[in-house]
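Note: the block below is entry26.cif and it holds mmCIF, C-alpha atoms.
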```cif
data_query
loop_
_atom_site.label_atom_id
_atom_site.label_comp_id
_atom_site.auth_asym_id
_atom_site.auth_seq_id
_atom_site.Cartn_x
_atom_site.Cartn_y
_atom_site.Cartn_z
CA MET L 1 31.05 -6.01 164.26
CA ARG L 2 32.48 -7.81 167.31
CA LEU L 3 35.86 -8.08 165.58
CA ASN L 4 35.82 -4.36 164.92
CA SER L 5 35.10 -3.68 168.60
CA ARG L 6 38.04 -5.81 169.70
CA ALA L 7 40.30 -4.15 167.20
CA ALA L 8 39.21 -0.75 168.48
CA ALA L 9 39.90 -1.77 172.08
CA VAL L 10 43.37 -3.03 171.20
CA ALA L 11 44.06 0.14 169.25
CA ALA L 12 42.94 2.25 172.20
CA MET L 13 45.27 0.36 174.54
CA VAL L 14 48.18 0.85 172.17
CA VAL L 15 47.46 4.57 172.01
CA LEU L 16 46.87 5.03 175.74
CA ALA L 17 49.75 2.88 177.00
CA PRO L 18 52.48 5.47 176.35
CA ALA L 19 50.30 8.18 177.88
CA ALA L 20 49.70 6.10 181.01
CA THR L 21 53.40 5.35 181.29
CA GLY L 22 54.18 9.03 180.97
CA CYS L 23 51.75 9.76 183.78
CA GLY L 24 53.64 7.46 186.14
CA VAL L 25 51.48 4.34 186.23
CA ASN L 26 54.66 2.25 186.53
CA ALA L 27 56.37 4.54 189.02
CA ILE L 28 54.85 2.99 192.14
CA PRO L 29 55.85 -0.64 191.49
CA THR L 30 59.25 0.50 190.20
CA LYS L 31 59.97 2.48 193.36
CA GLU L 32 58.58 -0.29 195.54
CA GLU L 33 60.99 -2.80 194.02
CA ALA L 34 63.86 -0.35 194.44
CA ALA L 35 63.05 0.00 198.15
CA LYS L 36 62.88 -3.78 198.55
CA ALA L 37 66.29 -4.09 196.91
CA ARG L 38 67.74 -1.59 199.36
CA TRP L 39 66.14 -3.57 202.19
CA ALA L 40 67.98 -6.67 200.98
CA ASP L 41 71.22 -4.67 201.29
CA VAL L 42 70.34 -3.79 204.90
CA GLN L 43 69.68 -7.40 205.80
CA SER L 44 72.89 -8.51 204.10
CA GLN L 45 74.97 -6.19 206.27
CA TYR L 46 73.16 -7.18 209.46
CA GLN L 47 73.78 -10.84 208.55
CA ARG L 48 77.46 -10.08 208.02
CA ARG L 49 77.64 -8.59 211.50
CA SER L 50 75.83 -11.56 212.98
CA ASP L 51 78.29 -13.94 211.32
CA LEU L 52 81.26 -12.11 212.83
CA ILE L 53 79.99 -12.17 216.40
CA PRO L 54 80.62 -15.87 217.27
CA ASN L 55 84.32 -15.51 216.40
CA LEU L 56 84.51 -12.27 218.36
CA VAL L 57 82.93 -13.87 221.42
CA ALA L 58 85.20 -16.90 221.16
CA THR L 59 88.28 -14.67 220.99
CA VAL L 60 87.27 -12.63 224.03
CA GLN L 61 86.26 -15.77 225.96
CA GLY L 62 89.83 -16.99 225.64
CA ALA L 63 91.01 -14.12 227.82
CA ALA L 64 90.72 -14.08 231.59
CA ILE L 65 88.15 -11.32 231.86
CA ALA L 66 85.78 -10.99 234.75
CA GLU L 67 82.85 -9.39 232.93
CA ARG L 68 81.32 -12.65 231.72
CA ALA L 69 77.84 -11.15 231.90
CA THR L 70 78.72 -8.77 229.05
CA LEU L 71 79.60 -11.69 226.78
CA THR L 72 76.34 -13.39 227.71
CA GLN L 73 74.43 -10.23 226.80
CA VAL L 74 76.04 -10.20 223.35
CA ILE L 75 75.18 -13.84 222.75
CA GLU L 76 71.58 -13.39 223.90
CA ALA L 77 71.14 -10.16 221.92
CA ARG L 78 72.44 -11.87 218.79
CA ALA L 79 69.96 -14.72 219.27
CA ARG L 80 67.08 -12.24 219.59
CA ALA L 81 68.23 -10.23 216.59
CA THR L 82 68.46 -13.27 214.34
CA GLY L 83 65.09 -14.48 215.61
CA VAL L 84 63.22 -11.41 214.33
CA THR L 85 62.76 -11.17 210.58
CA VAL L 86 61.09 -8.65 208.32
CA THR L 87 60.37 -9.79 204.77
CA PRO L 88 59.76 -7.41 201.85
CA GLU L 89 56.09 -8.25 202.21
CA THR L 90 55.99 -7.04 205.82
CA LEU L 91 57.92 -3.81 205.35
CA THR L 92 54.57 -2.06 205.66
CA ASP L 93 53.92 -3.58 209.10
CA PRO L 94 54.93 -1.00 211.75
CA ALA L 95 54.92 -3.51 214.62
CA ALA L 96 57.10 -6.06 212.83
CA PHE L 97 59.52 -3.39 211.70
CA GLN L 98 59.76 -1.92 215.21
CA ARG L 99 60.55 -5.36 216.67
CA TYR L 100 63.28 -5.88 214.09
CA GLN L 101 64.80 -2.45 214.67
CA ALA L 102 64.66 -2.87 218.45
CA ALA L 103 66.36 -6.28 218.33
CA GLN L 104 69.16 -4.99 216.11
CA GLY L 105 69.52 -1.95 218.36
CA GLU L 106 69.89 -4.15 221.44
CA LEU L 107 72.66 -6.07 219.70
CA SER L 108 74.44 -2.84 218.79
CA GLN L 109 74.28 -1.72 222.42
CA ALA L 110 75.56 -5.10 223.68
CA LEU L 111 78.50 -4.95 221.27
CA SER L 112 79.30 -1.41 222.39
CA ARG L 113 79.33 -2.52 226.03
CA LEU L 114 81.64 -5.40 225.14
CA MET L 115 84.08 -3.04 223.44
CA LEU L 116 84.07 -0.84 226.54
CA VAL L 117 84.87 -3.86 228.71
CA VAL L 118 87.71 -4.94 226.45
CA GLU L 119 89.35 -1.55 226.91
CA ARG L 120 90.35 -2.72 230.41
CA TYR L 121 92.27 -5.72 229.04
CA PRO L 122 95.39 -4.89 227.01
CA GLU L 123 95.98 -8.59 226.32
CA VAL L 124 92.66 -8.75 224.48
CA ARG L 125 93.13 -5.48 222.61
CA SER L 126 96.55 -6.64 221.40
CA ASN L 127 95.27 -10.04 220.23
CA GLN L 128 95.63 -10.17 216.45
CA ASN L 129 92.37 -12.08 215.98
CA PHE L 130 90.52 -9.51 218.05
CA ILE L 131 92.10 -6.62 216.15
CA ALA L 132 91.04 -8.15 212.83
CA LEU L 133 87.50 -8.87 214.05
CA GLN L 134 87.14 -5.41 215.55
CA SER L 135 88.18 -3.86 212.24
CA GLN L 136 85.68 -6.01 210.35
CA LEU L 137 82.91 -5.10 212.78
CA GLU L 138 83.66 -1.40 212.48
CA GLY L 139 83.56 -1.70 208.70
CA THR L 140 80.29 -3.60 208.89
CA GLU L 141 78.72 -0.98 211.16
CA ASN L 142 79.64 1.65 208.57
CA ARG L 143 78.09 -0.47 205.82
CA ILE L 144 74.95 -0.90 207.91
CA ALA L 145 74.69 2.87 208.31
CA VAL L 146 75.05 3.39 204.55
CA ALA L 147 72.58 0.60 203.72
CA ARG L 148 70.01 2.03 206.13
CA ARG L 149 70.43 5.50 204.67
CA ASP L 150 69.99 4.21 201.12
CA TYR L 151 66.94 2.22 202.20
CA ASN L 152 65.37 5.26 203.87
CA GLU L 153 65.94 7.34 200.73
CA ALA L 154 64.30 4.68 198.55
CA VAL L 155 61.36 4.36 200.96
CA ARG L 156 60.84 8.12 201.12
CA ASP L 157 60.77 8.22 197.33
CA TYR L 158 58.24 5.37 197.24
CA ASN L 159 56.07 6.75 200.05
CA THR L 160 56.03 10.18 198.42
CA SER L 161 54.78 8.66 195.17
CA LEU L 162 51.73 7.33 197.05
CA ARG L 163 50.72 10.86 198.06
CA THR L 164 51.72 13.16 195.21
CA PHE L 165 50.26 13.88 191.79
CA PRO L 166 50.08 12.22 189.34
CA THR L 167 51.13 8.92 190.95
CA VAL L 168 48.56 9.32 193.73
CA ILE L 169 45.93 8.61 191.06
CA TRP L 170 47.40 5.17 190.43
CA ALA L 171 47.89 4.60 194.17
CA LYS L 172 44.14 4.93 194.62
CA THR L 173 43.17 2.92 191.54
CA ILE L 174 45.43 0.43 189.75
CA HIS L 175 47.85 0.13 192.69
CA GLY L 176 45.21 0.51 195.35
CA GLY L 177 46.81 -2.13 197.58
CA SER L 178 50.09 -0.23 197.92
CA GLU L 179 50.90 0.90 201.46
CA PRO L 180 53.68 3.11 202.87
CA MET L 181 56.83 1.31 203.95
CA GLN L 182 58.49 1.81 207.32
CA LEU L 183 61.55 4.00 207.83
CA PHE L 184 64.50 3.39 210.12
CA THR L 185 64.49 5.93 212.93
CA ALA L 186 66.76 6.54 215.90
CA THR L 187 65.66 4.39 218.81
CA GLU L 188 65.48 5.72 222.35
CA ALA L 189 68.41 3.51 223.36
CA ALA L 190 70.53 4.97 220.57
CA GLN L 191 70.26 8.40 222.15
CA THR L 192 72.36 7.30 225.13
CA ALA L 193 75.89 5.94 224.97
CA PRO L 194 76.21 2.48 226.56
CA THR L 195 77.80 2.40 229.99
CA VAL L 196 79.40 -0.37 231.98
CA ASN L 197 79.57 -0.31 235.77
CA PHE L 198 82.81 -2.18 236.39
CA ASP L 199 82.44 -1.96 240.18
CA ALA L 200 79.12 -3.78 239.91
CA LEU L 201 80.57 -6.44 237.64
CA ASN L 202 83.70 -7.15 239.64
CA PRO L 203 83.64 -8.28 243.27
CA ALA L 204 85.79 -5.87 245.27
CA ARG L 205 88.66 -7.28 247.29
CA PRO L 206 89.28 -6.00 250.78
CA GLY L 207 90.77 -2.57 250.38
CA GLY L 208 88.48 -1.63 247.50
CA ASN L 209 90.50 -3.14 244.59
CA ALA L 210 88.61 -5.14 242.01
CA ALA L 211 90.22 -8.40 240.99
CA PRO L 212 89.27 -10.05 237.67
CA THR L 213 88.62 -13.77 237.94
CA ALA L 214 89.46 -16.34 235.31
CA PRO L 215 86.66 -17.99 233.34
CA GLY L 216 85.04 -20.72 235.39
CA SER L 217 86.87 -19.86 238.59
CA ALA L 218 85.22 -18.87 241.84
CA PRO L 219 85.24 -15.23 242.89
CA PRO L 220 87.82 -14.27 245.49
CA ALA L 221 86.86 -14.97 249.09
CA GLN L 222 85.68 -11.95 251.06
#
```
Hey, can you dump this file as structure tokens for me?
Amino acid sequence: MRLNSRAAAVAAMVVLAPAATGCGVNAIPTKEEAAKARWADVQSQYQRRSDLIPNLVATVQGAAIAERATLTQVIEARARATGVTVTPETLTDPAAFQRYQAAQGELSQALSRLMLVVERYPEVRSNQNFIALQSQLEGTENRIAVARRDYNEAVRDYNTSLRTFPTVIWAKTIHGGSEPMQLFTATEAAQTAPTVNFDALNPARPGGNAAPTAPGSAPPAQ
């Protein structure tokens, strides 16, 4: 009798399995893994940008530019950005995700300010190493934008499955521990273009003309 009961249970599972699959019982974990894969793409592109920055800073440091503070901001922003991590397991943590997004946003702003500064120095803009690095950074920023877009699309698909029929049934039962993932959104800083006050960065000589100073040298006497 017990054997017959087990056989009946197995038979019921075999019969119900296709029906459950058709109702989307596997949709939630499938979409969750897809979103995590897209997150890995985002992190890969941010890492690529981070790896380019030391060479960029070294190239610009070789030029006699006065705005040393801008280089320092890039270095510090990179350190903060690499110090904040979000694992696939913490993609559902709003606070952790916000810290990560804010740190990466600060680095983007610091890089933008650096590029504005470099515009004042033709010798830097014509440097072949700088040209190559600038091109790579621009390409990486484009890849970051694409990776973030693809991640957001995957997350929206996953989050929607937690709230819509029939997958909402599994979200409240079998996959009851599933939580919505965080989306990339435009930060407040991203709404404003970075600005650099060159007058504030460069000591003015008598007569009102700013004079760049070489790295490590003292500012001109007033």
On this structure, the PyMOL selection byres ((chain L and resi 137) around 12) would catch which residues? List them as a ChimeraX atom specification, sorted by chain and number.
/L:45-56,108,111-112,115,130-136,138-144
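The shortest atom-to-atom distance to Phe184 of chain L, with only C-alpha atoms taken into account, belongs to L:Gln98 out of L:Val168, L:Tyr121, L:Gln98, L:Leu116.
If you measure from each of L:Gln73, L:Val25, L:Thr92, L:Glu32 to Phe165 of chain L using only C-alpha atoms, the closest one turns out to be L:Val25.
For the atom pair formed by atom CA of Glu179 of chain L and atom CA of Leu162 of chain L, the distance is 7.8 Å, given to one decimal.
With all atoms listed in the file as the atoms that count, the residue of L:Arg99, L:Arg113, L:Lys31, L:Arg38 with the shortest distance to Thr70 of chain L is L:Arg113.
The gap separating atom CA of Glu89 of chain L from atom CA of Gly24 of chain L is 22.6 Å, in Å to one decimal.
In this structure, atom CA of Phe97 of chain L sits 20.1 Å away from atom CA of Ala110 of chain L.
Of the residues listed (L:Ala102, L:Ile65, L:Ala96, L:Val124), L:Ala102 shows the shortest atom-to-atom separation from Thr185 of chain L; distances use all atoms listed in the file.
For Val86 of chain L, the set of protein, DNA and RNA residues having any atom at most 12 Å away, when counting all atoms listed in the file and skipping those fewer than 3 positions along the same chain, is Lys36, Trp39, Ala40, Val42, Gln43, Ala81, Thr82, Gly83, Glu89, Thr90, Leu91, Thr92, Asp93, Pro94, Ala95, Ala96, Phe97, Gln98, Arg99, Tyr100, Gln101, Ala103, Gln104, Met181 and Gln182 of chain L.
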Given the file above and the PyMOL selection byres ((chain L and resi 152) around 10), which residues are selected, and can you give them as number ranges by chain?
L: 35, 38-39, 146-151, 153-158, 181-185
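When all atoms listed in the file are used to measure the gap to Thr167 of chain L, the shortest distance among L:Ala58, L:Ala64, L:Ala79, L:Ile28 belongs to L:Ile28.
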Take every atom of segment 82-100 of chain L listed in the file, fit an axis-aligned box around them, add 5 Å per side, and give the centre and edge lengths in Å to one decimal as JSON.
```
{"center_x": 61.2, "center_y": -7.7, "center_z": 209.3, "size_x": 24.5, "size_y": 23.5, "size_z": 24.8}
```
